[in-house]
Amino acid sequence: MRFTPLSVGVAALAVLAPETAATAPDGLRGQLDLATAHCSPSTPGNGYQASLDSYYSLDVREIKPVCVFRPRTAQHVSRAIKVLSKSTAGNVAVRGGGHSIWPNNNVADGVTIDLSLLNQTEVHLPNKKNAGAIASVGAGSRWTSALLEVEKYGLSITAGRVGTVGVAGLTLGGGLSFHSGRHGFTCDDVTNYEVVLANGQIVDANSKQNPDLFKALKGGGGNFGIVTRFDFAAFPAGPLYGGMVTAAWDHRDTIVDSFIRLIDINEQNPTDSQIVLYMYDVASRSSTVSSTVINTDGITNSTSFKPMAAVPWLSDQRATQTYGELAAAMSDNGGDRHVWFSLCFQNNKRVVDKATELYNQLIDDTQGAMGDVDRIIFVFQQLPRHYAQKNAGGNVLGMDKSLTADSIVWLGEAFARTPEAESLFQRKIAALTDELEAFAEAIGAATQWRYINYVNPTQEPLKSYGAEVKYTAQNIAFMKRVSAKYDPQGFFQTRVPGGFKISHVK
Ligand SMILES: Cc1cc2nc3c(=O)[nH]c(=O)nc-3n(C[C@H](O)[C@H](O)[C@H](O)COP(=O)(O)OP(=O)(O)OC[C@H]3O[C@@H](n4cnc5c(N)ncnc54)[C@H](O)[C@@H]3O)c2cc1C
């Protein structure tokens, strides 16, 4: 019977961890055999549908796993991996916050391990033996809850910027934060990972224990194990100042010029950050340009934003507030079919202008499909060189070598409602991305690095982890060695197919 080996596995999971919610949809009840009692059908409140409904992307919500397994402890994850690695049927997916836009976090005909019940944050304050505060954050947490907990102690962490996004996926891929100017990538502030390996063993990875795994987890994604807890260095922080401001399209030039200047002077003003967002609103058939402008020290008139002082904002949400309050206000639960492509290029106005030309062209070319689209956005984020020097050599992003000039991370996104619109924008934005990349290369303004958490599944970020071919090859070889050492059977390369796999990188 097709599901027999998996059925036994699922039954074992439920028996081993009876308090967890292991659930399955109605149609699979019979096939699940012994597991039926535990992988019960859609009893209201049993968690299966709620788990699916809480994914960010509609494409992912539509994938029906045989079973959603929701562990409450690292031991539950360990037992699950022992069972699942012995079963030969059905793949496995791992889900943190579920905010990836593509189905690397859910699996049809397999078991999805939904970590959302591992959502506690504990703060350990310094004592004589401990130089700094540590926030231990469960791998199913979202940023709002982690931040609000650490803020009770007057502390902060190098968190993601949108409160509903998961701590796990963002941190495993690197992590861009409003605190990046002082702290680098989110992963750079992880002092210890609790990890379940492919053989079910629960280990710590830090600078003393399993240091190779510790480094590989800093940017290497879900290639090496299931992280069940992240220990972050927490640091004193008061309220920040900022929020989103929005202007009419006519002010784009002033805002972009200010953004480019902000990147130029960011090393001297590391507590300032800005995200520029072009948004085409389908309902009004018009574009606006927004900026999220933040000073993490709470300074209200920071020098980085002075060139925009005269812009007449259509809306202004700036306030003195904590990071957690801002992240909560920026929450985004998704629900569309999301098309994302991403590039990096140097902090060069000509490339931004080219992106603007391509944005306008995209909107003109796709007017016929706008009935099936909620919005189109282009996002520009700062990536100054000094971000990469905070933990030089200590992560696998390779940027301490590859980021040779202050740069911009660009995202082109469509929020589609139908599969047809999604595939149209997939084609259009793919072509546009190629054109933008070629333009940046042609004028000597390319930046090779691709951010694993922003790219389209058709892009290959891991092979960009280092500028020179030699250095990239070293980084890839390192990750392959770590994978072979901690997962000799390749469980996370073959049975957990979601995400960018290091074994696929040539
Ligand atoms: C609205 C929005 C805002 C965003 N803002 C930011 C931002 O400010 N900064 C930034 O850097 N990025 C940002 N991102 C991108 C974000 O980092 C990625 O989408 C990230 O994957 C989300 O993490 P998650 O835990 O929600 O992901 P999931 O979808 O749950 O997981 C993503 C991947 O990580 C794997 N994974 C998850 N948990 C584990 C685990 N515990 N162990 C092993 N593997 C695991 C999954 O299998 C999957 O392959 C944003 C995304 C969205 C949609």
# chains A, B, ... in the order shown; residues from 1 in each chain; ligands from 1
>>> closest_atom_pairs(of="region 388-459 of chain A", to="region 83-105 of chain A", cutoff="10 Å", atoms="only C-alpha atoms", output="Markdown table")
| residue | atom | partner | partner_atom | distance |
| --- | --- | --- | --- | --- |
| A:Asn453 | CA | A:Ser100 | CA | 7.5 |
| A:Tyr454 | CA | A:Ser100 | CA | 8.6 |
| A:Val455 | CA | A:Ile101 | CA | 9.5 |
| A:Asn456 | CA | A:Trp102 | CA | 8.1 |
| A:Pro457 | CA | A:Trp102 | CA | 7.2 |
>>> write_last_selection(atoms="N, CA and C atoms", output="short mmCIF file (atom, residue, chain, number, x, y, z; two decimals), in the first residue's frame")
data_model
loop_
_atom_site.label_atom_id
_atom_site.label_comp_id
_atom_site.auth_asym_id
_atom_site.auth_seq_id
_atom_site.Cartn_x
_atom_site.Cartn_y
_atom_site.Cartn_z
N ASN A 453 17.15 34.45 1.03
CA ASN A 453 15.79 34.65 1.55
C ASN A 453 14.92 35.50 0.63
N TYR A 454 15.50 36.06 -0.43
CA TYR A 454 14.72 36.92 -1.32
C TYR A 454 14.61 36.39 -2.74
N VAL A 455 15.48 35.47 -3.12
CA VAL A 455 15.53 35.10 -4.54
C VAL A 455 14.35 34.23 -4.95
N ASN A 456 14.13 34.19 -6.25
CA ASN A 456 13.16 33.28 -6.85
C ASN A 456 13.76 31.87 -6.83
N PRO A 457 12.91 30.83 -6.74
CA PRO A 457 13.47 29.47 -6.74
C PRO A 457 14.28 29.14 -7.99
#
>>> residues_around(residues="Ser483 (chain A)", least_positions_apart="6", cutoff="8 Å", atoms="only C-alpha atoms", output="mmCIF file with N, CA and C atoms, in the first residue's frame")
data_model
loop_
_atom_site.group_PDB
_atom_site.id
_atom_site.type_symbol
_atom_site.label_atom_id
_atom_site.label_comp_id
_atom_site.auth_asym_id
_atom_site.auth_seq_id
_atom_site.Cartn_x
_atom_site.Cartn_y
_atom_site.Cartn_z
ATOM 1 N N ASN A 223 20.235 23.140 5.345
ATOM 2 C CA ASN A 223 21.002 22.050 4.744
ATOM 3 C C ASN A 223 21.565 21.044 5.735
ATOM 4 N N PHE A 224 21.580 21.395 7.032
ATOM 5 C CA PHE A 224 22.410 20.607 7.940
ATOM 6 C C PHE A 224 21.657 19.948 9.090
ATOM 7 N N GLY A 490 22.714 11.927 3.787
ATOM 8 C CA GLY A 490 22.118 12.972 2.940
ATOM 9 C C GLY A 490 20.618 13.138 3.151
#
>>> closest_residue(among="A:Gln274, A:Thr112, A:Asn295, A:Thr164", to="Phe380 (chain A)", atoms="only C-alpha atoms")
A:Gln274
>>> residues_around(residues="Leu213 (chain A)", least_positions_apart="4", cutoff="7 Å", atoms="only C-alpha atoms", output="ChimeraX atom specification")
/A:205,217,482
>>> closest_residue(among="A:Ala146, A:Ala440, A:Cys187, A:Leu172", to="ligand 1", atoms="only C-alpha atoms and all ligand atoms")
A:Leu172
>>> select_by_dssp(residues="region 244-385 of chain A", states="strand (DSSP E or B)", output="ChimeraX atom specification")
/A:244-248,272-281,286-295,315-316,319-321,337-346,373-383
>>> write_last_selection(atoms="N, CA and C atoms", output="compact mmCIF listing (two decimals), in the first residue's frame")
# COMPACT_ATOMS: atom_id res chain seq x y z
N MET A 244 6.97 54.17 8.29
CA MET A 244 6.84 54.33 6.83
C MET A 244 6.28 55.70 6.46
N VAL A 245 6.91 56.31 5.46
CA VAL A 245 6.39 57.55 4.89
C VAL A 245 6.11 57.30 3.41
N THR A 246 5.07 57.93 2.90
CA THR A 246 4.69 57.69 1.50
C THR A 246 4.49 59.02 0.79
N ALA A 247 5.01 59.07 -0.45
CA ALA A 247 4.92 60.31 -1.23
C ALA A 247 4.37 60.00 -2.62
N ALA A 248 3.94 61.07 -3.29
CA ALA A 248 3.51 60.93 -4.69
C ALA A 248 4.74 60.56 -5.53
N ASP A 272 21.08 54.37 11.22
CA ASP A 272 20.05 54.80 10.26
C ASP A 272 19.82 53.74 9.20
N SER A 273 18.58 53.54 8.86
CA SER A 273 18.32 52.67 7.71
C SER A 273 17.07 53.12 6.98
N GLN A 274 17.03 52.72 5.71
CA GLN A 274 15.94 53.15 4.84
C GLN A 274 15.64 52.02 3.85
N ILE A 275 14.37 51.78 3.66
CA ILE A 275 13.93 50.85 2.61
C ILE A 275 13.07 51.68 1.66
N VAL A 276 13.39 51.65 0.38
CA VAL A 276 12.58 52.39 -0.60
C VAL A 276 11.68 51.39 -1.32
N LEU A 277 10.43 51.78 -1.47
CA LEU A 277 9.45 50.86 -2.06
C LEU A 277 8.60 51.58 -3.10
N TYR A 278 8.69 51.11 -4.35
CA TYR A 278 7.76 51.61 -5.38
C TYR A 278 6.54 50.69 -5.31
N MET A 279 5.37 51.27 -5.29
CA MET A 279 4.19 50.41 -5.27
C MET A 279 3.18 50.85 -6.31
N TYR A 280 2.82 49.90 -7.18
CA TYR A 280 1.73 50.13 -8.13
C TYR A 280 0.46 49.57 -7.52
N ASP A 281 -0.46 50.46 -7.23
CA ASP A 281 -1.73 50.07 -6.62
C ASP A 281 -2.74 49.85 -7.75
N SER A 286 -2.19 53.64 -9.96
CA SER A 286 -1.13 54.65 -9.84
C SER A 286 -0.02 54.14 -8.92
N SER A 287 1.14 54.75 -9.09
CA SER A 287 2.29 54.36 -8.26
C SER A 287 2.57 55.41 -7.21
N THR A 288 3.05 54.94 -6.07
CA THR A 288 3.57 55.85 -5.04
C THR A 288 4.98 55.38 -4.70
N VAL A 289 5.70 56.21 -3.99
CA VAL A 289 7.01 55.77 -3.50
C VAL A 289 7.03 55.96 -1.98
N SER A 290 7.33 54.84 -1.30
CA SER A 290 7.35 54.87 0.16
C SER A 290 8.77 54.64 0.65
N SER A 291 8.99 54.98 1.89
CA SER A 291 10.26 54.69 2.53
C SER A 291 10.00 54.31 3.97
N THR A 292 10.64 53.24 4.42
CA THR A 292 10.66 52.97 5.85
C THR A 292 11.97 53.55 6.36
N VAL A 293 11.87 54.58 7.17
CA VAL A 293 13.07 55.28 7.64
C VAL A 293 13.18 55.09 9.16
N ILE A 294 14.34 54.62 9.59
CA ILE A 294 14.49 54.22 10.99
C ILE A 294 15.80 54.74 11.56
N ASN A 295 15.75 55.28 12.77
CA ASN A 295 16.98 55.47 13.55
C ASN A 295 16.83 54.64 14.82
N SER A 315 1.36 60.15 3.54
CA SER A 315 1.10 59.59 4.86
C SER A 315 2.43 59.47 5.58
N ASP A 316 2.37 59.59 6.89
CA ASP A 316 3.60 59.62 7.69
C ASP A 316 3.33 58.83 8.98
N ALA A 319 7.13 57.33 14.32
CA ALA A 319 6.80 57.50 15.74
C ALA A 319 7.97 57.01 16.57
N THR A 320 8.01 57.44 17.80
CA THR A 320 8.95 56.86 18.76
C THR A 320 8.27 55.61 19.31
N GLN A 321 8.90 54.48 19.07
CA GLN A 321 8.27 53.21 19.43
C GLN A 321 9.36 52.15 19.58
N ARG A 337 -0.51 34.88 -4.40
CA ARG A 337 0.52 34.06 -5.07
C ARG A 337 1.68 35.02 -5.34
N HIS A 338 2.79 34.76 -4.65
CA HIS A 338 3.87 35.75 -4.65
C HIS A 338 4.95 35.39 -5.64
N VAL A 339 5.30 36.35 -6.47
CA VAL A 339 6.44 36.19 -7.38
C VAL A 339 7.52 37.14 -6.89
N TRP A 340 8.67 36.60 -6.53
CA TRP A 340 9.79 37.44 -6.09
C TRP A 340 11.01 37.12 -6.93
N PHE A 341 11.73 38.13 -7.34
CA PHE A 341 13.08 37.97 -7.88
C PHE A 341 13.97 38.97 -7.16
N SER A 342 15.24 38.64 -7.02
CA SER A 342 16.12 39.55 -6.31
C SER A 342 17.50 39.62 -6.97
N LEU A 343 18.10 40.79 -6.86
CA LEU A 343 19.47 41.02 -7.32
C LEU A 343 20.16 41.92 -6.31
N CYS A 344 21.47 41.96 -6.39
CA CYS A 344 22.22 43.01 -5.71
C CYS A 344 23.02 43.75 -6.76
N PHE A 345 23.18 45.03 -6.56
CA PHE A 345 24.05 45.82 -7.44
C PHE A 345 24.64 46.96 -6.62
N GLN A 346 25.62 47.61 -7.22
CA GLN A 346 26.30 48.66 -6.47
C GLN A 346 25.38 49.85 -6.24
N VAL A 373 -4.34 40.92 -10.12
CA VAL A 373 -3.15 41.25 -9.34
C VAL A 373 -3.55 42.24 -8.25
N ASP A 374 -2.98 42.08 -7.05
CA ASP A 374 -3.27 43.06 -6.00
C ASP A 374 -2.34 44.26 -6.09
N ARG A 375 -1.04 43.97 -6.22
CA ARG A 375 -0.09 45.08 -6.39
C ARG A 375 1.23 44.57 -6.93
N ILE A 376 2.01 45.52 -7.39
CA ILE A 376 3.37 45.22 -7.86
C ILE A 376 4.29 46.14 -7.07
N ILE A 377 5.35 45.56 -6.53
CA ILE A 377 6.28 46.44 -5.80
C ILE A 377 7.72 46.16 -6.21
N PHE A 378 8.52 47.19 -6.20
CA PHE A 378 9.97 47.08 -6.29
C PHE A 378 10.51 47.61 -4.97
N VAL A 379 11.43 46.85 -4.37
CA VAL A 379 11.97 47.23 -3.06
C VAL A 379 13.48 47.40 -3.18
N PHE A 380 14.00 48.44 -2.58
CA PHE A 380 15.45 48.69 -2.58
C PHE A 380 15.90 48.78 -1.11
N GLN A 381 16.88 47.95 -0.76
CA GLN A 381 17.37 47.97 0.63
C GLN A 381 18.87 48.22 0.63
N GLN A 382 19.33 48.85 1.68
CA GLN A 382 20.77 49.15 1.73
C GLN A 382 21.59 47.90 2.05
N LEU A 383 22.74 47.80 1.43
CA LEU A 383 23.69 46.72 1.72
C LEU A 383 25.11 47.33 1.69
>>> decode(residues="region 56-82 of chain A", atoms="N, CA and C atoms", output="tab-separated table (two decimals), in the first residue's frame")
chain	number	residue	atom	x	y	z
A	56	TYR	N	2.37	32.08	4.42
A	56	TYR	CA	2.33	33.40	3.77
A	56	TYR	C	1.77	33.31	2.36
A	57	SER	N	2.25	32.32	1.62
A	57	SER	CA	1.93	32.27	0.20
A	57	SER	C	0.75	31.33	-0.07
A	58	LEU	N	-0.14	31.77	-0.93
A	58	LEU	CA	-1.29	30.94	-1.30
A	58	LEU	C	-0.85	29.64	-1.96
A	59	ASP	N	0.21	29.69	-2.76
A	59	ASP	CA	0.72	28.46	-3.40
A	59	ASP	C	1.08	27.41	-2.36
A	60	VAL	N	1.64	27.86	-1.25
A	60	VAL	CA	2.06	26.91	-0.20
A	60	VAL	C	0.85	26.42	0.58
A	61	ARG	N	-0.12	27.30	0.80
A	61	ARG	CA	-1.34	26.91	1.54
A	61	ARG	C	-2.06	25.77	0.84
A	62	GLU	N	-1.95	25.73	-0.49
A	62	GLU	CA	-2.69	24.72	-1.26
A	62	GLU	C	-2.04	23.34	-1.25
A	63	ILE	N	-0.84	23.23	-0.72
A	63	ILE	CA	-0.16	21.93	-0.67
A	63	ILE	C	-0.66	21.16	0.55
A	64	LYS	N	-1.12	19.93	0.31
A	64	LYS	CA	-1.71	19.14	1.40
A	64	LYS	C	-0.76	18.04	1.83
A	65	PRO	N	-0.08	18.19	2.94
A	65	PRO	CA	0.76	17.09	3.42
A	65	PRO	C	-0.10	15.96	3.98
A	66	VAL	N	0.46	14.77	4.05
A	66	VAL	CA	-0.26	13.67	4.68
A	66	VAL	C	-0.49	14.00	6.16
A	67	CYS	N	0.49	14.61	6.74
A	67	CYS	CA	0.42	14.86	8.17
A	67	CYS	C	1.18	16.14	8.51
A	68	VAL	N	0.59	16.93	9.37
A	68	VAL	CA	1.32	18.08	9.93
A	68	VAL	C	1.70	17.69	11.35
A	69	PHE	N	2.98	17.65	11.60
A	69	PHE	CA	3.46	17.24	12.93
A	69	PHE	C	3.94	18.48	13.67
A	70	ARG	N	3.38	18.71	14.86
A	70	ARG	CA	3.70	19.94	15.58
A	70	ARG	C	4.37	19.62	16.92
A	71	PRO	N	5.68	19.51	16.92
A	71	PRO	CA	6.40	19.17	18.15
A	71	PRO	C	6.36	20.30	19.17
A	72	ARG	N	6.46	19.91	20.44
A	72	ARG	CA	6.54	20.92	21.50
A	72	ARG	C	7.94	21.01	22.10
A	73	THR	N	8.77	20.02	21.80
A	73	THR	CA	10.13	20.02	22.37
A	73	THR	C	11.12	19.55	21.30
A	74	ALA	N	12.40	19.80	21.58
A	74	ALA	CA	13.45	19.30	20.68
A	74	ALA	C	13.44	17.78	20.67
A	75	GLN	N	13.08	17.17	21.82
A	75	GLN	CA	13.03	15.70	21.89
A	75	GLN	C	11.98	15.16	20.92
A	76	HIS	N	10.85	15.84	20.83
A	76	HIS	CA	9.83	15.41	19.87
A	76	HIS	C	10.38	15.46	18.44
A	77	VAL	N	11.12	16.50	18.14
A	77	VAL	CA	11.70	16.61	16.79
A	77	VAL	C	12.68	15.47	16.57
A	78	SER	N	13.47	15.20	17.59
A	78	SER	CA	14.47	14.13	17.50
A	78	SER	C	13.80	12.78	17.21
A	79	ARG	N	12.74	12.48	17.98
A	79	ARG	CA	12.05	11.19	17.77
A	79	ARG	C	11.44	11.15	16.37
A	80	ALA	N	10.90	12.25	15.95
A	80	ALA	CA	10.27	12.30	14.61
A	80	ALA	C	11.30	12.02	13.53
A	81	ILE	N	12.47	12.63	13.66
A	81	ILE	CA	13.51	12.44	12.64
A	81	ILE	C	13.98	10.98	12.63
A	82	LYS	N	14.10	10.39	13.82
A	82	LYS	CA	14.51	8.98	13.86
A	82	LYS	C	13.50	8.11	13.12
